[in-house]
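Text of run.pdb, listed as PDB, C-alpha atoms:
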ATOM      1  CA  MET A   1     -67.184 -22.945  -2.063
ATOM      2  CA  LYS A   2     -66.601 -21.669  -5.574
ATOM      3  CA  VAL A   3     -63.004 -22.553  -6.377
ATOM      4  CA  ALA A   4     -60.553 -22.767  -9.264
ATOM      5  CA  PHE A   5     -57.940 -25.482  -9.671
ATOM      6  CA  ILE A   6     -55.032 -24.958 -12.044
ATOM      7  CA  GLY A   7     -52.809 -27.888 -12.990
ATOM      8  CA  LEU A   8     -54.326 -31.354 -13.419
ATOM      9  CA  GLY A   9     -51.220 -33.497 -13.165
ATOM     10  CA  VAL A  10     -50.646 -36.626 -11.110
ATOM     11  CA  MET A  11     -51.472 -34.740  -7.907
ATOM     12  CA  GLY A  12     -53.829 -31.999  -9.042
ATOM     13  CA  TYR A  13     -56.254 -34.220 -10.967
ATOM     14  CA  PRO A  14     -57.445 -36.221  -7.929
ATOM     15  CA  MET A  15     -57.171 -33.256  -5.547
ATOM     16  CA  ALA A  16     -59.566 -31.206  -7.672
ATOM     17  CA  GLY A  17     -61.753 -34.279  -8.000
ATOM     18  CA  HIS A  18     -62.141 -34.651  -4.236
ATOM     19  CA  MET A  19     -63.412 -31.073  -4.014
ATOM     20  CA  ALA A  20     -65.929 -31.659  -6.784
ATOM     21  CA  LYS A  21     -67.129 -34.865  -5.131
ATOM     22  CA  ALA A  22     -67.667 -32.924  -1.905
ATOM     23  CA  GLY A  23     -69.967 -30.495  -3.710
ATOM     24  CA  HIS A  24     -67.657 -27.509  -4.192
ATOM     25  CA  GLN A  25     -68.015 -25.712  -7.520
ATOM     26  CA  VAL A  26     -64.685 -26.338  -9.236
ATOM     27  CA  MET A  27     -63.526 -24.594 -12.389
ATOM     28  CA  VAL A  28     -60.318 -26.096 -13.765
ATOM     29  CA  TYR A  29     -57.571 -24.961 -16.096
ATOM     30  CA  ASN A  30     -54.895 -27.165 -17.610
ATOM     31  CA  ARG A  31     -52.417 -26.387 -20.357
ATOM     32  CA  THR A  32     -53.565 -29.536 -22.159
ATOM     33  CA  GLN A  33     -57.284 -28.919 -22.584
ATOM     34  CA  ALA A  34     -57.996 -32.577 -23.321
ATOM     35  CA  LYS A  35     -56.900 -33.374 -19.771
ATOM     36  CA  ALA A  36     -59.266 -30.737 -18.418
ATOM     37  CA  GLN A  37     -62.104 -32.171 -20.504
ATOM     38  CA  ALA A  38     -61.372 -35.684 -19.242
ATOM     39  CA  TRP A  39     -61.450 -34.402 -15.663
ATOM     40  CA  CYS A  40     -64.728 -32.571 -16.273
ATOM     41  CA  ASP A  41     -66.288 -35.662 -17.849
ATOM     42  CA  GLU A  42     -65.222 -37.773 -14.872
ATOM     43  CA  TYR A  43     -66.478 -35.412 -12.188
ATOM     44  CA  GLY A  44     -69.873 -34.573 -13.582
ATOM     45  CA  GLY A  45     -69.815 -31.270 -15.430
ATOM     46  CA  GLY A  46     -72.772 -28.972 -14.827
ATOM     47  CA  ASN A  47     -72.212 -26.320 -12.168
ATOM     48  CA  ILE A  48     -69.860 -28.540 -10.157
ATOM     49  CA  ALA A  49     -67.107 -29.208 -12.716
ATOM     50  CA  THR A  50     -66.373 -26.665 -15.459
ATOM     51  CA  ILE A  51     -63.421 -25.642 -17.620
ATOM     52  CA  ALA A  52     -61.727 -22.267 -18.149
ATOM     53  CA  ASP A  53     -59.563 -21.517 -21.172
ATOM     54  CA  THR A  54     -57.165 -19.231 -19.265
ATOM     55  CA  PRO A  55     -55.973 -18.992 -15.645
ATOM     56  CA  LYS A  56     -57.495 -15.500 -15.538
ATOM     57  CA  LYS A  57     -60.969 -16.804 -16.344
ATOM     58  CA  ALA A  58     -60.577 -19.602 -13.799
ATOM     59  CA  ALA A  59     -59.741 -17.070 -11.079
ATOM     60  CA  GLN A  60     -62.596 -14.665 -11.820
ATOM     61  CA  GLY A  61     -65.166 -14.899  -9.052
ATOM     62  CA  ALA A  62     -63.473 -17.816  -7.294
ATOM     63  CA  GLU A  63     -63.250 -17.682  -3.505
ATOM     64  CA  ALA A  64     -60.033 -19.714  -3.667
ATOM     65  CA  ILE A  65     -57.633 -20.462  -6.513
ATOM     66  CA  PHE A  66     -55.522 -23.606  -6.138
ATOM     67  CA  ILE A  67     -52.344 -24.090  -8.171
ATOM     68  CA  CYS A  68     -50.424 -27.350  -8.583
ATOM     69  CA  VAL A  69     -47.840 -27.169 -11.375
ATOM     70  CA  GLY A  70     -44.165 -28.015 -11.821
ATOM     71  CA  ASN A  71     -41.716 -25.392 -10.618
ATOM     72  CA  ASP A  72     -41.084 -21.687 -10.001
ATOM     73  CA  ASP A  73     -41.206 -20.784 -13.683
ATOM     74  CA  ASP A  74     -44.507 -22.602 -14.143
ATOM     75  CA  VAL A  75     -46.053 -20.817 -11.152
ATOM     76  CA  ARG A  76     -44.945 -17.418 -12.425
ATOM     77  CA  ALA A  77     -46.319 -18.189 -15.898
ATOM     78  CA  ILE A  78     -49.675 -19.137 -14.368
ATOM     79  CA  CYS A  79     -49.889 -16.155 -12.005
ATOM     80  CA  TYR A  80     -48.544 -13.175 -13.941
ATOM     81  CA  GLY A  81     -49.474 -11.707 -17.323
ATOM     82  CA  ASP A  82     -52.660 -10.546 -18.994
ATOM     83  CA  ASP A  83     -54.197 -14.034 -18.856
ATOM     84  CA  GLY A  84     -52.717 -14.992 -15.496
ATOM     85  CA  VAL A  85     -54.421 -15.724 -12.194
ATOM     86  CA  PHE A  86     -53.618 -12.323 -10.726
ATOM     87  CA  ALA A  87     -55.326 -10.555 -13.646
ATOM     88  CA  GLY A  88     -58.544 -12.367 -12.752
ATOM     89  CA  ILE A  89     -58.590 -11.388  -9.075
ATOM     90  CA  THR A  90     -60.905  -8.472  -8.284
ATOM     91  CA  PRO A  91     -62.865  -7.736  -5.094
ATOM     92  CA  ASP A  92     -66.589  -8.310  -5.491
ATOM     93  CA  ASP A  93     -69.359  -6.039  -4.211
ATOM     94  CA  ASN A  94     -68.888  -7.395  -0.699
ATOM     95  CA  ASN A  95     -65.111  -6.925  -0.884
ATOM     96  CA  ALA A  96     -64.634 -10.648  -0.311
ATOM     97  CA  LYS A  97     -60.964 -11.578  -0.100
ATOM     98  CA  GLN A  98     -59.870 -14.137  -2.660
ATOM     99  CA  ILE A  99     -57.141 -16.592  -1.625
ATOM    100  CA  VAL A 100     -54.490 -18.123  -3.888
ATOM    101  CA  VAL A 101     -53.148 -21.461  -2.621
ATOM    102  CA  ASP A 102     -49.984 -22.765  -4.282
ATOM    103  CA  HIS A 103     -49.588 -26.526  -3.815
ATOM    104  CA  THR A 104     -46.561 -26.622  -6.120
ATOM    105  CA  THR A 105     -43.283 -27.658  -4.502
ATOM    106  CA  ALA A 106     -41.325 -24.523  -5.336
ATOM    107  CA  SER A 107     -38.768 -22.205  -3.753
ATOM    108  CA  ALA A 108     -39.298 -20.268  -0.552
ATOM    109  CA  ASP A 109     -38.093 -17.167  -2.387
ATOM    110  CA  LEU A 110     -41.011 -17.454  -4.797
ATOM    111  CA  ALA A 111     -43.464 -17.908  -1.919
ATOM    112  CA  GLU A 112     -42.151 -14.753  -0.262
ATOM    113  CA  GLU A 113     -42.411 -12.862  -3.562
ATOM    114  CA  LEU A 114     -46.000 -13.939  -4.183
ATOM    115  CA  GLY A 115     -46.968 -13.279  -0.587
ATOM    116  CA  GLN A 116     -45.717  -9.703  -0.852
ATOM    117  CA  TYR A 117     -47.545  -9.237  -4.153
ATOM    118  CA  ALA A 118     -50.776 -10.540  -2.647
ATOM    119  CA  ARG A 119     -50.583  -8.224   0.366
ATOM    120  CA  ALA A 120     -49.948  -5.242  -1.887
ATOM    121  CA  ASN A 121     -52.924  -6.101  -4.103
ATOM    122  CA  GLY A 122     -55.594  -6.993  -1.571
ATOM    123  CA  PHE A 123     -55.818 -10.777  -1.792
ATOM    124  CA  GLY A 124     -54.471 -13.715   0.214
ATOM    125  CA  PHE A 125     -51.682 -16.122  -0.649
ATOM    126  CA  LEU A 126     -50.619 -19.418   0.920
ATOM    127  CA  ASP A 127     -47.638 -21.544  -0.050
ATOM    128  CA  ALA A 128     -48.914 -25.039   0.673
ATOM    129  CA  PRO A 129     -46.797 -27.911  -0.693
ATOM    130  CA  VAL A 130     -48.060 -31.393   0.050
ATOM    131  CA  SER A 131     -46.620 -34.760   1.046
ATOM    132  CA  GLY A 132     -48.096 -38.198   0.509
ATOM    133  CA  GLY A 133     -47.461 -38.818  -3.153
ATOM    134  CA  GLU A 134     -49.858 -39.993  -5.823
ATOM    135  CA  ALA A 135     -51.532 -42.480  -3.484
ATOM    136  CA  GLY A 136     -52.095 -39.770  -0.891
ATOM    137  CA  ALA A 137     -53.720 -37.525  -3.491
ATOM    138  CA  GLN A 138     -55.930 -40.301  -4.830
ATOM    139  CA  ASN A 139     -57.040 -41.347  -1.347
ATOM    140  CA  GLY A 140     -57.492 -37.783  -0.063
ATOM    141  CA  VAL A 141     -54.989 -38.149   2.798
ATOM    142  CA  LEU A 142     -52.270 -35.640   1.964
ATOM    143  CA  THR A 143     -50.278 -33.722   4.537
ATOM    144  CA  VAL A 144     -50.261 -29.987   3.759
ATOM    145  CA  MET A 145     -47.564 -27.676   5.138
ATOM    146  CA  VAL A 146     -48.598 -24.035   4.894
ATOM    147  CA  GLY A 147     -46.950 -20.627   4.941
ATOM    148  CA  GLY A 148     -49.053 -17.479   5.279
ATOM    149  CA  GLU A 149     -51.756 -15.957   7.459
ATOM    150  CA  MET A 150     -54.071 -18.014   9.681
ATOM    151  CA  GLN A 151     -57.211 -16.124   8.633
ATOM    152  CA  ASP A 152     -56.486 -16.909   4.985
ATOM    153  CA  LEU A 153     -55.941 -20.573   5.813
ATOM    154  CA  GLN A 154     -59.162 -20.755   7.800
ATOM    155  CA  GLN A 155     -61.093 -19.378   4.839
ATOM    156  CA  VAL A 156     -59.946 -22.146   2.470
ATOM    157  CA  THR A 157     -59.694 -25.047   4.937
ATOM    158  CA  PRO A 158     -63.158 -26.467   4.070
ATOM    159  CA  ALA A 159     -61.978 -27.091   0.507
ATOM    160  CA  MET A 160     -58.482 -28.291   1.466
ATOM    161  CA  GLN A 161     -59.885 -30.843   3.895
ATOM    162  CA  CYS A 162     -61.372 -32.715   0.951
ATOM    163  CA  TYR A 163     -57.958 -34.134   0.024
ATOM    164  CA  SER A 164     -55.984 -33.814   3.259
ATOM    165  CA  LYS A 165     -55.575 -35.656   6.533
ATOM    166  CA  ASN A 166     -53.431 -32.945   8.113
ATOM    167  CA  ILE A 167     -53.117 -29.198   7.431
ATOM    168  CA  THR A 168     -50.588 -27.244   9.492
ATOM    169  CA  LEU A 169     -49.693 -23.559   9.390
ATOM    170  CA  MET A 170     -45.895 -23.592   9.701
ATOM    171  CA  GLY A 171     -45.317 -19.831   9.792
ATOM    172  CA  LYS A 172     -45.067 -16.833   7.491
ATOM    173  CA  HIS A 173     -44.916 -16.960   3.698
ATOM    174  CA  GLY A 174     -42.207 -19.399   2.646
ATOM    175  CA  ALA A 175     -42.467 -21.575   5.753
ATOM    176  CA  GLY A 176     -44.528 -24.166   3.903
ATOM    177  CA  GLN A 177     -41.890 -24.516   1.205
ATOM    178  CA  LEU A 178     -39.082 -24.660   3.762
ATOM    179  CA  THR A 179     -40.904 -27.453   5.589
ATOM    180  CA  LYS A 180     -41.264 -29.382   2.324
ATOM    181  CA  MET A 181     -37.517 -28.986   1.766
ATOM    182  CA  VAL A 182     -36.872 -30.651   5.121
ATOM    183  CA  ASN A 183     -39.304 -33.407   4.117
ATOM    184  CA  GLN A 184     -37.358 -34.058   0.915
ATOM    185  CA  ILE A 185     -34.014 -33.986   2.736
ATOM    186  CA  PHE A 186     -35.341 -36.635   5.133
ATOM    187  CA  ILE A 187     -36.682 -38.809   2.319
ATOM    188  CA  THR A 188     -33.454 -38.617   0.330
ATOM    189  CA  GLY A 189     -31.377 -40.024   3.183
ATOM    190  CA  ILE A 190     -33.930 -42.677   4.100
ATOM    191  CA  VAL A 191     -34.349 -44.006   0.553
ATOM    192  CA  GLN A 192     -30.591 -44.179  -0.038
ATOM    193  CA  SER A 193     -30.178 -46.098   3.231
ATOM    194  CA  LEU A 194     -32.987 -48.452   2.205
ATOM    195  CA  ALA A 195     -31.303 -49.046  -1.150
ATOM    196  CA  GLU A 196     -27.974 -49.852   0.474
ATOM    197  CA  GLY A 197     -29.505 -52.072   3.151
ATOM    198  CA  LEU A 198     -31.680 -54.040   0.750
ATOM    199  CA  ASN A 199     -28.813 -54.470  -1.686
ATOM    200  CA  PHE A 200     -26.697 -55.811   1.207
ATOM    201  CA  ALA A 201     -29.472 -58.232   2.179
ATOM    202  CA  MET A 202     -29.927 -59.471  -1.394
ATOM    203  CA  ASN A 203     -26.174 -59.985  -1.793
ATOM    204  CA  GLU A 204     -26.243 -62.135   1.350
ATOM    205  CA  GLY A 205     -29.190 -64.154   0.122
ATOM    206  CA  LEU A 206     -31.502 -63.138   2.958
ATOM    207  CA  ASP A 207     -35.253 -63.668   2.662
ATOM    208  CA  CYS A 208     -36.188 -60.056   1.876
ATOM    209  CA  GLU A 209     -39.906 -60.568   2.427
ATOM    210  CA  LYS A 210     -39.247 -61.833   5.945
ATOM    211  CA  LEU A 211     -36.565 -59.176   6.490
ATOM    212  CA  ILE A 212     -38.888 -56.308   5.561
ATOM    213  CA  ALA A 213     -41.763 -57.639   7.670
ATOM    214  CA  THR A 214     -39.418 -57.943  10.653
ATOM    215  CA  LEU A 215     -37.781 -54.532  10.337
ATOM    216  CA  LYS A 216     -41.148 -52.808   9.952
ATOM    217  CA  MET A 217     -41.776 -53.753  13.583
ATOM    218  CA  GLY A 218     -38.565 -52.190  14.915
ATOM    219  CA  ALA A 219     -36.685 -48.918  15.137
ATOM    220  CA  ALA A 220     -35.980 -48.849  11.381
ATOM    221  CA  GLN A 221     -39.683 -48.485  10.558
ATOM    222  CA  SER A 222     -40.579 -45.630   8.195
ATOM    223  CA  TRP A 223     -43.125 -44.763   5.512
ATOM    224  CA  GLN A 224     -40.534 -45.586   2.883
ATOM    225  CA  LEU A 225     -39.828 -48.995   4.413
ATOM    226  CA  ASP A 226     -43.553 -49.731   4.686
ATOM    227  CA  ASN A 227     -44.428 -48.596   1.153
ATOM    228  CA  ARG A 228     -41.341 -48.936  -1.032
ATOM    229  CA  ALA A 229     -39.033 -51.689   0.270
ATOM    230  CA  GLU A 230     -40.945 -54.588  -1.283
ATOM    231  CA  THR A 231     -41.259 -52.865  -4.652
ATOM    232  CA  MET A 232     -37.557 -51.977  -4.596
ATOM    233  CA  VAL A 233     -36.697 -55.657  -4.214
ATOM    234  CA  GLN A 234     -39.164 -56.473  -7.014
ATOM    235  CA  ASP A 235     -37.557 -53.865  -9.321
ATOM    236  CA  LYS A 236     -40.833 -51.940  -9.615
ATOM    237  CA  PHE A 237     -40.647 -48.155  -9.853
ATOM    238  CA  ASP A 238     -43.798 -47.159 -11.725
ATOM    239  CA  PHE A 239     -45.219 -44.683  -9.231
ATOM    240  CA  GLY A 240     -46.357 -41.085  -9.531
ATOM    241  CA  PHE A 241     -43.416 -39.072  -8.209
ATOM    242  CA  GLY A 242     -40.588 -39.327 -10.729
ATOM    243  CA  LEU A 243     -37.010 -38.859  -9.554
ATOM    244  CA  ASP A 244     -36.587 -35.870 -11.889
ATOM    245  CA  TRP A 245     -39.021 -34.054  -9.575
ATOM    246  CA  MET A 246     -36.852 -34.964  -6.586
ATOM    247  CA  ILE A 247     -33.840 -33.479  -8.362
ATOM    248  CA  LYS A 248     -35.834 -30.269  -8.779
ATOM    249  CA  ASP A 249     -36.863 -30.281  -5.111
ATOM    250  CA  LEU A 250     -33.307 -30.945  -3.918
ATOM    251  CA  ASN A 251     -32.025 -28.115  -6.103
ATOM    252  CA  TYR A 252     -34.287 -25.742  -4.162
ATOM    253  CA  ALA A 253     -33.199 -27.195  -0.807
ATOM    254  CA  LEU A 254     -29.487 -27.109  -1.621
ATOM    255  CA  ALA A 255     -29.712 -23.530  -2.890
ATOM    256  CA  ARG A 256     -31.482 -22.500   0.303
ATOM    257  CA  GLY A 257     -28.907 -24.403   2.359
ATOM    258  CA  GLN A 258     -26.138 -22.363   0.772
ATOM    259  CA  LYS A 259     -28.076 -19.228   1.615
ATOM    260  CA  ASN A 260     -28.622 -20.098   5.301
ATOM    261  CA  GLY A 261     -25.293 -21.824   5.909
ATOM    262  CA  SER A 262     -26.608 -25.394   6.271
ATOM    263  CA  LYS A 263     -24.495 -28.404   5.342
ATOM    264  CA  LEU A 264     -26.604 -30.841   3.336
ATOM    265  CA  GLU A 265     -23.900 -33.351   2.492
ATOM    266  CA  VAL A 266     -26.032 -36.476   2.102
ATOM    267  CA  ALA A 267     -28.686 -34.627   0.099
ATOM    268  CA  GLU A 268     -26.026 -33.312  -2.272
ATOM    269  CA  ILE A 269     -24.465 -36.745  -2.779
ATOM    270  CA  VAL A 270     -27.812 -38.431  -3.389
ATOM    271  CA  ARG A 271     -28.884 -35.701  -5.802
ATOM    272  CA  GLY A 272     -25.838 -36.739  -7.817
ATOM    273  CA  TYR A 273     -27.061 -40.346  -7.778
ATOM    274  CA  TYR A 274     -30.460 -39.205  -9.021
ATOM    275  CA  GLN A 275     -28.795 -37.205 -11.771
ATOM    276  CA  GLU A 276     -26.913 -40.351 -12.859
ATOM    277  CA  LEU A 277     -30.193 -42.255 -13.086
ATOM    278  CA  SER A 278     -31.893 -39.407 -14.935
ATOM    279  CA  ALA A 279     -29.101 -39.456 -17.514
ATOM    280  CA  GLN A 280     -29.911 -43.159 -18.028
ATOM    281  CA  ASN A 281     -33.537 -42.298 -18.984
ATOM    282  CA  CYS A 282     -34.880 -43.210 -15.536
ATOM    283  CA  GLY A 283     -36.217 -39.754 -14.734
ATOM    284  CA  ARG A 284     -39.862 -40.849 -14.635
ATOM    285  CA  MET A 285     -39.130 -43.706 -12.227
ATOM    286  CA  ASP A 286     -40.020 -43.384  -8.574
ATOM    287  CA  THR A 287     -37.399 -42.010  -6.187
ATOM    288  CA  SER A 288     -36.874 -45.516  -4.799
ATOM    289  CA  ALA A 289     -35.083 -46.374  -8.055
ATOM    290  CA  LEU A 290     -31.851 -45.496  -6.230
ATOM    291  CA  ILE A 291     -31.404 -49.236  -5.702
ATOM    292  CA  LYS A 292     -30.935 -49.671  -9.463
ATOM    293  CA  ARG A 293     -27.500 -48.032  -9.203
ATOM    294  CA  LEU A 294     -26.420 -50.712  -6.737
ATOM    295  CA  ARG A 295     -27.957 -53.721  -8.496
ATOM    296  CA  SER A 296     -26.686 -52.990 -12.006
TER     297      SER A 296
END

For the file at hand, write its structure as structure tokens.
Amino acid sequence: MKVAFIGLGVMGYPMAGHMAKAGHQVMVYNRTQAKAQAWCDEYGGGNIATIADTPKKAAQGAEAIFICVGNDDDVRAICYGDDGVFAGITPDDNNAKQIVVDHTTASADLAEELGQYARANGFGFLDAPVSGGEAGAQNGVLTVMVGGEMQDLQQVTPAMQCYSKNITLMGKHGAGQLTKMVNQIFITGIVQSLAEGLNFAMNEGLDCEKLIATLKMGAAQSWQLDNRAETMVQDKFDFGFGLDWMIKDLNYALARGQKNGSKLEVAEIVRGYYQELSAQNCGRMDTSALIKRLRS
């Protein structure tokens, strides 16, 4: 496929790379052009890896346009305007339908807005946030939760499979973002419980290595226990998904919870803990840094 990828951050850089490695023609755009040049140098240049100087130029002629940026405002800045993605979308001679895929973790309201805009202007849109973190992106095993139309998803699946182990259509526009909100609500509670439990164990002088290995085999097993417990004990938090991003994600979930009448009491409390850590210049640390509050 001929695709565009906009946003070469911690997640987008390897995701776009997997598509280039698979032989898709990938044109990239990044606000910092040096990052785009580094990506292009790494993935071969030529017809496979090229650079656009605006989102509009990246979108022109692309069968699919993938976006992976920071938040709602970033997505709007990329999509709208004279140099935005939407300005570069035009049907070709065969009236081929171009598809915009937003991998940003953003609000469901934005997904619904962009979905309506796409329908009104003759192209496809999918809200498609991902889970799996930096390691999942690097290893090409992300889980993708999608909102939109099945025919649009089927059209872009060959490219998305390059960096995914699971792609699921969750429902109409916005359903992907709502699913990601649930994912973040789950993670928030699990990581806080891990922090409290490990702090308890350390205060009691338990052998944490043996403790973690044992609990991985029981009912307390989780991805967070498997992948973050040991590093929490070791005071290591240098991973890709900084806690400032979790604050952003929880803001979207809590706002939506107010809208639909959901009580998200634990998520709200833990967001406050993350905000405390962010104020202590820990915002780039992994979300598992919650244990630092308890060990200090």

Explicit residue set for the PyMOL selection byres ((chain A and resi 187) around 12), as an MDAnalysis selection string: chainID A and resid 131:132 180:186 188:194 222:225 228 243 246 249:250 266:267 270:271 287:288 290

Could you tell me which of A:Glu276, A:Glu134, A:Asp41, A:Glu63 comes closest to Met1 in chain A if we count only C-alpha atoms?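 Ranking A:Glu276, A:Glu134, A:Asp41, A:Glu63 by distance to Met1 in chain A, first place goes to A:Glu63.
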
Here's the selection I'm unsure about, the PyMOL selection byres ((chain A and resi 147-150) around 8); applied to the file above, which residues does it give, as an mmCIF file with C-alpha atoms, in the coordinates of the input?
data_model
loop_
_atom_site.group_PDB
_atom_site.id
_atom_site.type_symbol
_atom_site.label_atom_id
_atom_site.label_comp_id
_atom_site.auth_asym_id
_atom_site.auth_seq_id
_atom_site.Cartn_x
_atom_site.Cartn_y
_atom_site.Cartn_z
ATOM 1 C CA GLY A 115 -46.968 -13.279 -0.587
ATOM 2 C CA PHE A 125 -51.682 -16.122 -0.649
ATOM 3 C CA LEU A 126 -50.619 -19.418 0.920
ATOM 4 C CA ASP A 127 -47.638 -21.544 -0.050
ATOM 5 C CA ALA A 128 -48.914 -25.039 0.673
ATOM 6 C CA MET A 145 -47.564 -27.676 5.138
ATOM 7 C CA VAL A 146 -48.598 -24.035 4.894
ATOM 8 C CA GLN A 151 -57.211 -16.124 8.633
ATOM 9 C CA ASP A 152 -56.486 -16.909 4.985
ATOM 10 C CA LEU A 153 -55.941 -20.573 5.813
ATOM 11 C CA GLN A 154 -59.162 -20.755 7.800
ATOM 12 C CA LEU A 169 -49.693 -23.559 9.390
ATOM 13 C CA MET A 170 -45.895 -23.592 9.701
ATOM 14 C CA GLY A 171 -45.317 -19.831 9.792
ATOM 15 C CA LYS A 172 -45.067 -16.833 7.491
ATOM 16 C CA HIS A 173 -44.916 -16.960 3.698
ATOM 17 C CA GLY A 174 -42.207 -19.399 2.646
ATOM 18 C CA ALA A 175 -42.467 -21.575 5.753
ATOM 19 C CA GLY A 176 -44.528 -24.166 3.903
ATOM 20 C CA GLN A 177 -41.890 -24.516 1.205
#

Quick one, how far is CA of Asn203 in chain A from CA of Met217 in chain A?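 Taking CA of Asn203 in chain A and CA of Met217 in chain A, their separation equals 22.8 Å.
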
When you count all atoms listed in the file, which of these residues is closest to Gly61 in chain A: A:Val26, A:Ala108, A:Ala137, A:Leu294?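 Going through A:Val26, A:Ala108, A:Ala137, A:Leu294 one by one, the smallest distance to Gly61 in chain A is for A:Val26.
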
Separation of CA of Thr157 in chain A from CA of Phe66 in chain A in Å: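 We find that CA of Phe66 in chain A and CA of Thr157 in chain A lie 11.9 Å from each other.
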
Take the PyMOL selection byres ((chain A and resi 86) around 12), apply it to the structure above, and return the hits as a PyMOL selection string. chain A and resi 54-62+65+75-85+87-91+98-100+114+117-118+120-125

Close residues, Glu209 in chain A itself excluded, 10 Å, all atoms listed in the file, min 6 positions apart in chain, as a ChimeraX atom specification: /A:229-230,233

Between A:Leu178, A:Val144, A:Ile291, A:Ala279, which has the minimum distance to Phe200 in chain A (counting all atoms listed in the file)?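 Looking at the shortest contact to Phe200 in chain A, the residue is A:Ile291.
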